[in-house]
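The data block below is data_11.txt; it holds compact mmCIF, C-alpha atoms and all ligand atoms.
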```
# COMPACT_ATOMS: atom_id res chain seq x y z
CA PRO A 1 173.57 114.87 40.61
CA ALA A 2 171.23 116.11 37.92
CA ALA A 3 168.22 114.51 39.56
CA THR A 4 165.34 116.90 39.48
CA ASP A 5 163.72 117.99 42.69
CA ILE A 6 160.01 118.37 42.16
CA THR A 7 160.05 121.56 44.21
CA ASP A 8 162.66 123.20 42.02
CA GLY A 9 160.14 125.05 39.90
CA GLY A 10 161.79 123.68 36.76
CA GLY A 11 158.46 123.27 35.05
CA PRO A 12 155.98 126.04 34.36
CA GLY A 13 153.39 124.66 36.79
CA PRO A 14 152.43 126.30 40.07
CA ALA A 15 154.65 125.86 43.12
CA ARG A 16 153.98 122.63 44.92
CA GLY A 17 154.58 121.61 48.47
CA SER A 18 156.15 118.22 47.89
CA THR A 19 159.78 117.60 48.71
CA LEU A 20 159.92 114.44 46.66
CA SER A 21 163.33 113.89 45.06
CA VAL A 22 163.26 111.63 42.04
CA ALA A 23 166.76 110.32 42.68
CA ASP A 24 165.52 108.93 46.00
CA LEU A 25 162.70 106.93 44.40
CA ARG A 26 164.69 103.72 44.16
CA GLY A 27 163.80 100.06 43.89
CA PRO A 28 163.96 97.56 46.75
CA ASP A 29 167.16 95.76 47.61
CA ALA A 30 165.67 92.29 48.00
CA PRO A 31 163.56 89.94 45.91
CA ALA A 32 160.00 89.07 46.92
CA PRO A 33 159.75 86.01 49.23
CA GLY A 34 160.80 82.97 47.21
CA GLY A 35 162.34 85.10 44.43
CA ALA A 36 165.98 85.12 43.35
CA ARG A 37 168.48 87.93 42.85
CA ARG A 38 169.44 88.23 39.18
CA THR A 39 172.62 90.21 38.82
CA HIS A 40 174.05 91.35 35.53
CA VAL A 41 176.82 93.64 34.40
CA LEU A 42 176.23 95.37 31.06
CA THR A 43 179.21 97.16 29.58
CA ALA A 44 178.48 99.78 26.93
CA ARG A 45 181.20 99.81 24.33
CA LYS A 46 181.89 100.30 20.67
CA ALA A 47 182.31 97.10 18.71
CA ALA A 48 182.14 95.72 15.19
CA VAL A 49 178.97 93.67 14.84
CA ARG A 50 178.25 91.24 12.02
CA LEU A 51 174.62 91.39 10.90
CA PRO A 52 172.74 88.28 9.74
CA SER A 53 173.13 89.64 6.19
CA GLY A 54 176.91 89.33 6.58
CA ALA A 55 177.44 93.10 6.69
CA ASP A 56 179.69 94.50 9.42
CA VAL A 57 178.64 97.65 11.25
CA HIS A 58 180.46 99.83 13.74
CA ALA A 59 177.92 99.58 16.51
CA TRP A 60 177.51 100.84 20.04
CA THR A 61 176.80 97.74 22.08
CA PHE A 62 176.18 96.23 25.46
CA ASP A 63 178.90 93.59 25.95
CA GLY A 64 180.00 93.70 22.33
CA VAL A 65 176.73 92.41 20.88
CA ALA A 66 173.57 93.94 19.45
CA PRO A 67 170.97 93.16 20.68
CA GLY A 68 172.60 93.25 24.12
CA PRO A 69 172.44 90.19 26.39
CA GLN A 70 168.91 89.03 27.10
CA ILE A 71 167.82 89.55 30.70
CA THR A 72 165.47 86.82 31.88
CA ALA A 73 163.84 86.65 35.28
CA THR A 74 160.94 85.01 37.06
CA GLU A 75 158.14 86.96 38.69
CA GLY A 76 159.24 88.05 42.17
CA ASP A 77 162.96 88.12 41.39
CA LEU A 78 165.10 91.16 42.02
CA ILE A 79 166.76 92.39 38.84
CA GLU A 80 170.04 94.10 39.59
CA VAL A 81 172.02 95.45 36.66
CA ARG A 82 175.29 97.31 36.88
CA LEU A 83 175.72 99.50 33.81
CA VAL A 84 179.35 100.24 33.03
CA ASN A 85 180.29 102.69 30.32
CA HIS A 86 183.55 101.77 28.65
CA ASP A 87 183.86 104.22 25.76
CA ILE A 88 180.55 105.84 24.78
CA ASP A 89 181.63 109.46 25.03
CA GLY A 90 178.35 111.32 25.55
CA GLY A 91 177.08 108.96 28.23
CA VAL A 92 174.71 106.01 28.56
CA THR A 93 171.73 105.03 30.72
CA LEU A 94 169.38 102.06 30.91
CA HIS A 95 165.68 102.67 30.46
CA TRP A 96 163.35 99.71 31.04
CA HIS A 97 160.80 100.27 28.30
CA GLY A 98 157.31 99.34 29.46
CA TYR A 99 158.47 98.36 32.94
CA ASP A 100 156.90 100.42 35.70
CA VAL A 101 160.01 100.77 37.82
CA PRO A 102 160.34 103.37 40.60
CA CYS A 103 161.21 106.69 39.00
CA GLY A 104 164.83 106.73 40.19
CA GLU A 105 165.44 103.50 38.20
CA ASP A 106 163.89 104.84 34.98
CA GLY A 107 167.18 105.78 33.34
CA VAL A 108 166.39 109.22 31.93
CA PRO A 109 169.51 111.40 31.97
CA ASP A 110 169.21 114.82 33.57
CA LEU A 111 165.84 113.85 34.96
CA THR A 112 166.22 110.71 37.08
CA GLN A 113 170.02 110.39 37.08
CA ASP A 114 173.17 111.73 35.44
CA GLY A 115 174.19 110.05 32.21
CA VAL A 116 176.88 107.45 32.93
CA LYS A 117 180.16 108.72 31.47
CA PRO A 118 183.08 106.56 30.24
CA GLY A 119 184.72 104.90 33.24
CA ALA A 120 181.64 105.33 35.45
CA SER A 121 178.83 102.97 36.40
CA PHE A 122 175.31 102.95 37.83
CA VAL A 123 173.36 100.13 39.49
CA TYR A 124 169.67 99.62 38.69
CA ARG A 125 167.45 97.53 40.96
CA PHE A 126 163.82 96.65 40.59
CA ARG A 127 161.41 93.83 41.25
CA ALA A 128 160.34 91.62 38.38
CA ASP A 129 156.66 92.07 39.16
CA GLN A 130 155.35 92.42 35.61
CA VAL A 131 155.34 89.21 33.59
CA GLY A 132 155.95 89.50 29.86
CA THR A 133 158.12 90.83 27.08
CA TYR A 134 159.92 94.16 27.55
CA TRP A 135 163.13 95.73 26.37
CA TYR A 136 165.84 98.02 27.61
CA HIS A 137 167.70 100.80 25.86
CA THR A 138 169.85 103.82 26.52
CA HIS A 139 167.92 107.04 26.99
CA HIS A 140 170.95 109.27 26.49
CA ALA A 141 170.68 110.87 23.04
CA SER A 142 168.57 107.84 22.20
CA HIS A 143 168.04 109.02 18.62
CA ILE A 144 171.72 108.14 18.19
CA GLY A 145 172.45 105.55 20.90
CA VAL A 146 169.51 103.20 20.34
CA LEU A 147 169.86 103.38 16.57
CA ARG A 148 173.53 102.40 16.88
CA GLY A 149 172.74 99.34 18.96
CA LEU A 150 172.35 100.14 22.68
CA TYR A 151 169.31 97.93 23.30
CA GLY A 152 168.35 94.44 24.48
CA VAL A 153 165.36 92.34 25.54
CA LEU A 154 163.94 91.76 29.04
CA VAL A 155 161.67 88.75 29.56
CA VAL A 156 159.91 88.01 32.84
CA LYS A 157 158.26 84.62 33.17
CA PRO A 158 155.45 83.68 35.54
CA ARG A 159 156.27 81.43 38.50
CA VAL A 160 154.04 78.75 37.04
CA GLU A 161 153.92 78.56 33.25
CA PRO A 162 150.30 78.16 32.11
CA ASP A 163 151.30 76.26 28.94
CA ILE A 164 154.16 74.02 28.03
CA VAL A 165 156.10 76.00 25.47
CA ALA A 166 158.70 73.95 23.60
CA LEU A 167 160.28 76.90 21.84
CA ASP A 168 160.19 80.37 23.41
CA LEU A 169 161.89 82.71 21.00
CA VAL A 170 162.69 86.39 21.28
CA VAL A 171 162.63 88.21 17.93
CA PRO A 172 163.93 91.76 18.28
CA VAL A 173 163.96 93.67 15.01
CA HIS A 174 166.43 96.48 14.51
CA THR A 175 167.64 98.34 11.46
CA PHE A 176 171.32 99.29 11.14
CA ASN A 177 172.04 101.65 8.25
CA GLY A 178 169.00 100.41 6.37
CA ASP A 179 169.90 96.74 6.96
CA ALA A 180 167.16 95.01 8.99
CA ALA A 181 168.79 92.74 11.54
CA VAL A 182 166.55 89.97 12.85
CA ALA A 183 168.40 87.67 15.20
CA GLY A 184 167.99 83.91 15.06
CA VAL A 185 167.24 82.84 11.54
CA GLU A 186 166.35 79.14 11.75
CA HIS A 187 164.89 76.92 14.47
CA VAL A 188 163.73 73.31 14.64
CA THR A 189 160.99 72.03 16.94
CA ALA A 190 158.77 68.95 16.69
CA ALA A 191 155.41 69.06 14.90
CA GLY A 192 152.66 69.71 17.44
CA ALA A 193 154.96 71.54 19.87
CA MET A 194 153.91 74.95 21.17
CA VAL A 195 155.95 77.91 19.95
CA ARG A 196 155.92 81.39 21.49
CA LEU A 197 157.38 84.25 19.48
CA ARG A 198 158.15 87.45 21.35
CA LEU A 199 158.25 90.12 18.66
CA VAL A 200 160.00 93.36 19.60
CA ASN A 201 160.22 96.45 17.41
CA THR A 202 163.29 98.44 18.46
CA ASP A 203 163.14 100.70 15.39
CA SER A 204 161.62 104.16 15.10
CA ASP A 205 159.13 103.17 12.39
CA PRO A 206 156.30 100.63 12.60
CA ARG A 207 157.13 97.09 11.48
CA ARG A 208 154.69 94.64 9.98
CA PHE A 209 155.03 90.98 10.92
CA ALA A 210 153.26 88.07 9.24
CA LEU A 211 153.37 84.39 10.11
CA ALA A 212 153.17 82.38 6.89
CA GLY A 213 152.20 78.73 7.13
CA THR A 214 150.22 78.52 10.37
CA PRO A 215 147.30 80.04 12.27
CA PHE A 216 148.34 81.76 15.49
CA ARG A 217 147.05 83.64 18.53
CA VAL A 218 148.23 86.99 19.85
CA VAL A 219 148.47 86.30 23.59
CA ALA A 220 150.08 89.50 24.84
CA VAL A 221 150.65 93.09 23.73
CA ASP A 222 153.36 95.21 25.37
CA GLY A 223 153.84 92.49 27.97
CA ARG A 224 150.21 92.35 29.10
CA ASP A 225 148.00 89.33 28.45
CA LEU A 226 144.89 89.68 26.33
CA SER A 227 141.63 88.08 27.40
CA GLY A 228 140.46 85.04 25.44
CA PRO A 229 142.53 85.55 22.31
CA ASP A 230 141.07 84.11 19.12
CA GLU A 231 142.96 82.14 16.52
CA THR A 232 143.72 84.05 13.37
CA SER A 233 145.54 83.38 10.13
CA ARG A 234 146.58 85.23 7.01
CA THR A 235 146.64 88.48 8.94
CA ALA A 236 149.61 90.66 9.75
CA VAL A 237 150.40 92.34 13.03
CA ARG A 238 151.75 95.86 13.02
CA LEU A 239 154.02 96.83 15.89
CA PRO A 240 154.54 100.49 16.75
CA ALA A 241 158.07 101.63 17.40
CA GLY A 242 158.98 100.20 20.80
CA GLY A 243 156.02 97.79 20.82
CA ARG A 244 155.90 94.05 21.53
CA HIS A 245 153.46 91.32 20.55
CA ASP A 246 153.67 87.70 21.76
CA LEU A 247 152.34 85.11 19.29
CA VAL A 248 151.64 81.46 20.05
CA PHE A 249 151.04 78.56 17.66
CA ALA A 250 151.39 74.80 17.42
CA MET A 251 154.15 73.75 15.05
CA PRO A 252 152.58 72.27 11.89
CA GLU A 253 154.02 69.44 9.75
CA THR A 254 155.55 71.90 7.32
CA SER A 255 157.84 74.88 7.89
CA VAL A 256 156.67 78.30 8.97
CA ALA A 257 158.21 81.62 8.00
CA LEU A 258 158.00 84.84 9.97
CA HIS A 259 157.96 87.75 7.57
CA VAL A 260 159.04 91.23 8.56
CA ASP A 261 157.77 93.88 6.16
CA GLY A 262 157.14 91.20 3.54
CA VAL A 263 160.53 89.48 3.78
CA ALA A 264 160.97 86.00 5.30
CA ALA A 265 163.28 86.63 8.25
CA VAL A 266 162.95 83.64 10.61
CA TRP A 267 162.27 80.00 9.72
CA LEU A 268 160.68 77.48 12.04
CA ARG A 269 160.85 73.86 10.94
CA PRO A 270 159.31 70.67 12.34
CA GLY A 271 162.51 68.78 11.51
CA PRO A 272 165.85 69.41 9.83
CA GLY A 273 165.28 69.88 6.13
CA ALA A 274 161.47 69.84 6.45
CA PRO A 275 159.77 71.11 3.32
CA ASP A 276 158.87 74.77 3.03
CA GLY A 277 155.47 73.90 1.66
CA GLU A 278 153.76 77.03 0.49
CA THR A 279 155.32 79.23 3.11
CA ALA A 280 158.42 80.32 1.25
CA VAL A 281 156.50 81.71 -1.65
CA GLN A 282 153.57 83.27 0.18
CA GLU A 283 153.13 86.92 -0.49
CA THR A 284 152.16 88.47 2.85
CA SER A 285 152.34 92.15 2.08
CA GLY A 286 148.68 92.23 1.03
CA TRP A 287 147.40 90.52 4.18
CA PRO A 288 145.05 92.66 6.29
CA GLU A 289 146.25 93.92 9.65
CA LEU A 290 144.85 92.32 12.76
CA ASP A 291 142.56 94.82 14.50
CA LEU A 292 143.49 94.70 18.17
CA LEU A 293 140.47 96.85 19.08
CA SER A 294 138.12 94.02 18.21
CA TYR A 295 140.38 91.12 19.15
CA GLY A 296 139.90 88.89 22.20
CA THR A 297 136.94 88.41 24.52
CA PRO A 298 135.09 91.36 26.07
CA VAL A 299 135.49 91.50 29.86
CA PRO A 300 134.88 94.36 32.32
CA VAL A 301 137.41 97.10 31.74
CA PRO A 302 139.00 98.95 34.66
CA LEU A 303 139.27 102.76 34.42
CA ARG A 304 137.00 103.04 31.41
CA ASP A 305 133.92 104.22 33.28
CA GLU A 306 135.71 106.11 35.99
CA VAL A 307 135.54 109.88 35.91
CA ALA A 308 138.96 111.30 35.12
CA ASN A 309 140.58 113.64 37.62
CA ARG A 310 142.71 115.19 34.88
CA ASN A 311 142.24 115.50 31.15
CA PHE A 312 144.98 116.51 28.76
CA THR A 313 144.87 117.02 25.03
CA LEU A 314 148.06 116.65 23.03
CA VAL A 315 147.96 117.93 19.48
CA LEU A 316 150.91 116.56 17.52
CA ASP A 317 152.18 118.50 14.57
CA ARG A 318 155.30 119.74 12.89
CA GLY A 319 156.37 123.27 12.11
CA LEU A 320 157.92 126.45 13.33
CA ALA A 321 157.67 126.71 17.10
CA MET A 322 159.22 128.50 20.01
CA VAL A 323 161.79 126.16 21.48
CA ASP A 324 163.69 127.37 24.51
CA GLY A 325 162.89 130.99 23.62
CA PHE A 326 163.84 130.78 19.93
CA PRO A 327 161.84 129.97 16.84
CA ALA A 328 162.86 126.60 15.40
CA PHE A 329 161.49 123.94 13.11
CA ALA A 330 160.28 121.22 15.45
CA GLN A 331 158.06 118.24 16.09
CA THR A 332 155.50 119.90 18.32
CA VAL A 333 152.95 119.21 21.01
CA ASN A 334 150.26 121.90 21.27
CA GLY A 335 152.42 124.16 19.12
CA ARG A 336 155.55 123.91 21.23
CA GLY A 337 158.69 121.83 21.26
CA HIS A 338 160.63 120.38 24.19
CA PRO A 339 161.73 121.89 26.58
CA SER A 340 159.04 124.54 26.15
CA ILE A 341 156.07 122.18 26.56
CA PRO A 342 154.47 122.59 30.00
CA ASP A 343 154.62 119.60 32.33
CA GLU A 344 151.41 117.73 32.96
CA LEU A 345 150.71 117.92 36.67
CA VAL A 346 148.88 115.05 38.31
CA ALA A 347 148.38 113.82 41.86
CA GLU A 348 148.91 110.33 43.17
CA GLY A 349 145.79 108.23 42.68
CA ASP A 350 144.40 110.34 39.85
CA VAL A 351 142.75 108.79 36.83
CA VAL A 352 144.38 110.68 33.99
CA ARG A 353 143.03 110.83 30.46
CA PHE A 354 144.95 111.86 27.40
CA THR A 355 143.49 112.69 24.03
CA VAL A 356 146.23 112.49 21.42
CA VAL A 357 145.45 114.19 18.12
CA ASN A 358 147.77 113.80 15.15
CA ARG A 359 147.52 116.77 12.78
CA SER A 360 150.74 115.90 10.94
CA LEU A 361 151.49 113.66 7.98
CA GLU A 362 153.68 111.28 9.97
CA THR A 363 152.94 108.46 12.40
CA HIS A 364 153.75 109.21 16.03
CA PRO A 365 154.22 106.18 18.32
CA TRP A 366 153.18 107.72 21.62
CA HIS A 367 154.89 106.39 24.74
CA LEU A 368 154.45 107.05 28.46
CA HIS A 369 157.06 105.98 30.97
CA GLY A 370 156.22 104.32 34.26
CA HIS A 371 152.56 103.43 33.61
CA PRO A 372 150.62 101.24 31.19
CA VAL A 373 147.87 103.12 29.38
CA LEU A 374 144.45 101.72 28.70
CA ILE A 375 143.16 102.36 25.20
CA LEU A 376 139.72 104.01 25.52
CA SER A 377 139.12 104.73 21.86
CA ARG A 378 140.70 105.15 18.48
CA ASN A 379 138.92 107.69 16.26
CA GLY A 380 135.94 107.54 18.61
CA ARG A 381 135.63 103.76 18.52
CA PRO A 382 136.19 101.94 21.83
CA PRO A 383 137.75 98.46 21.89
CA SER A 384 135.07 95.78 21.70
CA GLY A 385 137.30 92.89 22.72
CA SER A 386 139.96 92.46 25.38
CA PRO A 387 141.01 95.49 27.41
CA LEU A 388 144.06 96.76 25.64
CA TRP A 389 146.91 98.06 27.77
CA MET A 390 149.83 99.42 25.82
CA ASP A 391 152.91 101.41 26.59
CA THR A 392 153.36 102.65 23.03
CA PHE A 393 150.52 103.20 20.53
CA ASP A 394 150.74 104.42 16.97
CA VAL A 395 148.82 107.60 16.28
CA ARG A 396 148.66 107.73 12.50
CA PRO A 397 148.09 110.91 10.48
CA GLY A 398 144.68 112.37 11.23
CA GLU A 399 143.95 109.96 14.09
CA VAL A 400 142.62 110.73 17.56
CA TRP A 401 143.32 108.32 20.42
CA GLU A 402 141.90 108.51 23.92
CA VAL A 403 143.82 106.67 26.61
CA ALA A 404 143.84 106.60 30.41
CA PHE A 405 146.15 105.61 33.20
CA ARG A 406 146.09 105.63 36.97
CA ALA A 407 148.76 107.70 38.64
CA THR A 408 150.22 105.17 41.06
CA ASN A 409 153.95 105.61 40.50
CA PRO A 410 155.10 109.06 41.73
CA GLY A 411 157.88 110.94 40.05
CA ILE A 412 158.60 112.71 36.79
CA TRP A 413 157.94 110.66 33.69
CA MET A 414 158.72 111.13 30.04
CA ASN A 415 155.73 111.24 27.71
CA HIS A 416 157.09 111.26 24.18
CA CYS A 417 157.07 110.14 20.61
CA HIS A 418 159.05 106.89 20.25
CA ASN A 419 160.14 107.81 16.79
CA LEU A 420 163.39 108.78 18.46
CA PRO A 421 164.45 111.46 15.96
CA HIS A 422 161.00 113.05 16.48
CA ALA A 423 161.52 113.06 20.24
CA HIS A 424 164.89 114.69 19.73
CA GLN A 425 163.22 117.30 17.50
CA GLY A 426 160.95 118.38 20.33
CA MET A 427 158.15 115.86 20.70
CA MET A 428 158.46 115.11 24.41
CA LEU A 429 157.14 116.39 27.70
CA HIS A 430 156.85 115.26 31.30
CA VAL A 431 154.07 113.96 33.48
CA ARG A 432 154.84 115.12 36.95
CA TYR A 433 153.27 114.33 40.31
CA ASP A 434 152.67 117.35 42.46
CU1 LIG A 501 161.60 103.33 24.98
CU2 LIG A 501 161.47 107.09 26.64
O1 LIG A 501 161.56 105.21 25.82
CU CU A 502 156.68 111.20 16.11
```
When written as structure tokens, how does the structure in this file appear?
Ligand code: C2O
Ligand code: CU
Amino acid sequence: PAATDITDGGGPGPARGSTLSVADLRGPDAPAPGGARRTHVLTARKAAVRLPSGADVHAWTFDGVAPGPQITATEGDLIEVRLVNHDIDGGVTLHWHGYDVPCGEDGVPDLTQDGVKPGASFVYRFRADQVGTYWYHTHHASHIGVLRGLYGVLVVKPRVEPDIVALDLVVPVHTFNGDAAVAGVEHVTAAGAMVRLRLVNTDSDPRRFALAGTPFRVVAVDGRDLSGPDETSRTAVRLPAGGRHDLVFAMPETSVALHVDGVAAVWLRPGPGAPDGETAVQETSGWPELDLLSYGTPVPVPLRDEVANRNFTLVLDRGLAMVDGFPAFAQTVNGRGHPSIPDELVAEGDVVRFTVVNRSLETHPWHLHGHPVLILSRNGRPPSGSPLWMDTFDVRPGEVWEVAFRATNPGIWMNHCHNLPHAHQGMMLHVRYD
């Protein structure tokens, strides 16, 4: 197997004494007490997919559909997924984006497992111990595989639902050949009923969502609840590549439209044929963006005041760099492109801080596997509202973000730009426990 042994000296760091093998860091084989075993088989195969626009695309799919089948579990369940590759030549894996699985379940080819070749399979097992909205995607040549359709949504519900939600709707956005595919175009639920929208951006560029016709609350970001969310209206939410936001609202007497980048994509109606009211004609592209750094109620923030054991600075740029011993045009971190970027070495229990500096003219959605990161500041300004845990945050041109995480999940973890072509062009490195 390709699984990397941490003692193999593969990274440029000093020799370490650990004999940890990533491939051995596997999930449990049983649910938590009272939980269920949720078994799925996902078969990766090529298929023609009809988009909501009516266009047909030659997609790479799980089970013939894109998005792939939704995986739903309850907190404490064991999720067990057998990935079968039917005919995706290069190979396929399943990465559980935002889910802090044991490293051997993380689905990174040549790092945590071999890519699954046609005719082969691999079984993933992990506990559903994070409630919220997540997604899964191949991590094998993901700049091709995800774009062609190898993705789906993972939703984990709490054992006891805090609110009665009449309509709980997953809205994954994905663009095929320039055609934005938003699944599920029209829904009816009674006036007054609670609606939860789970917005998922599976693209490589940010997407701007706006809810026309109702106030709403953002109750979770990247699967994690916010504290005391306020009601807002006539604001847009911007999701980084890979990001999720959960919105909640009470269905009004007139119809509501969810706009994606200014276009009405999903309709929610209080009854069949209910009037559109103003919603159909509202122009949302000028609405201001909701500022998550001042949203929600201030509460004590873990990690923020702790002294970091490790500090890393990542300067993101683009240009000529040494990549694997040769000069190449690359998306770079500290002047180098993958695989020439040194690993970041941490120890279990460390508080690790990253300062991410974007010196380029493009947005870089920064993503760490295996750990949520706490946002400490954006351009020097700390969040004033709810603690904000994200797994992917957009570092726009010229911005500086400080984030922190606690190293509690040993292994080797990708730390990369989630603009997947950028990652392919060099913008990725590893965090590695010594
Ligand atoms: Cu969403 Cu490294 O992945
Ligand atoms: Cu990037």
So how many Å separate atom CA of A:Met322 and atom CU2 of ligand LIG 501 (chain A), to one decimal?
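A separation of 22.5 Å between them.
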For chain A versus ligand LIG 501 (chain A), which residues have an atom no more than 7 Å away, and what is each residue's nearest atom pair and distance in Å rounded to one decimal, using all atoms listed in the file, chain-then-number order, as CSV?
```
residue,atom,partner,partner_atom,distance
A:His95,CA,A:LIG501,O1,6.7
A:His97,CA,A:LIG501,CU1,4.6
A:His137,CA,A:LIG501,CU1,6.7
A:His139,CA,A:LIG501,CU2,6.5
A:Gly242,CA,A:LIG501,CU1,5.8
A:His367,CA,A:LIG501,O1,6.9
A:His369,CA,A:LIG501,CU2,6.3
A:Met414,CA,A:LIG501,CU2,6.0
A:His416,CA,A:LIG501,CU2,6.5
A:His418,CA,A:LIG501,O1,6.3
```
Report as a list in words all protein, DNA and RNA residues lying within 12 Å of A:Gly228, evaluated on all atoms listed in the file, omitting residues in the same chain fewer than 3 positions from it.
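The residues that qualify are Arg217, Val218, Val219, Ala220, Asp225, Glu231, Ser294, Tyr295, Gly296, Thr297, Pro298, Val299, Gly385, Ser386 and Pro387 of chain A.
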Give me, as JSON, numbers by chain, all polymer residues having an atom no more than 7 Å from stretch 209-216 of chain A, counting only C-alpha atoms and skipping those fewer than 3 positions away in the same chain.
{"A": [231, 232, 233, 235, 236, 237, 238, 247, 248, 249, 252, 255, 256, 257, 258, 259, 260, 261, 279, 282, 284]}
With all atoms listed in the file as the atoms that count, which of A:Gly107, A:Asp129, A:Ala47, A:Ala120 lies nearest to A:Arg148?
A:Ala47
Contacts to ligand CU 502 (chain A) at 10 Å cut-off (only C-alpha atoms and all ligand atoms) as number ranges by chain:
A: 204-205, 241, 316-318, 331-332, 358, 360-366, 394-396, 416-428
Excluding A:His40 and any residue of its chain fewer than 5 positions from it, enumerate the residues within 9 Å of it, using all atoms listed in the file, and give them as an MDAnalysis selection string.
chainID A and resid 71 79:83
For the interface of stretch 109-200 of chain A with stretch 265-268 of chain A (cut-off 7 Å, counting only C-alpha atoms), please tabulate each contacting residue of stretch 109-200 of chain A alongside its nearest pair of atoms and their separation in Å to one decimal, rows sorted by chain and increasing number, as a tab-separated table.
```
residue	atom	partner	partner_atom	distance
A:Val182	CA	A:Ala265	CA	6.6
A:Gly184	CA	A:Val266	CA	6.7
A:Val185	CA	A:Val266	CA	4.5
A:Glu186	CA	A:Trp267	CA	4.6
A:His187	CA	A:Leu268	CA	4.9
A:Val188	CA	A:Leu268	CA	5.8
```
Calculated over only C-alpha atoms, which of the candidates A:Leu147, A:Val65, A:Leu111, A:Ala191 has the smallest distance to A:His174?
A:Leu147
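The smallest atom-to-atom distance between A:Thr175 and any of A:Glu253, A:Glu344, A:Asp203, A:Glu402, using only C-alpha atoms, is found for A:Asp203.
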Draw an axis-aligned box over all listed atoms of stretch 375-385 of chain A, pad each side with 6 Å, and write its centre and edge lengths in Å, one decimal, as JSON.
```
{"center_x": 139.1, "center_y": 100.3, "center_z": 20.9, "size_x": 20.1, "size_y": 26.8, "size_z": 21.3}
```
Protein, DNA and RNA residues within 7 Å of (155.6, 126.4, 22.7), only C-alpha atoms, as a VMD selection string
chain A and resid 321 to 323 335 to 337 340 to 341
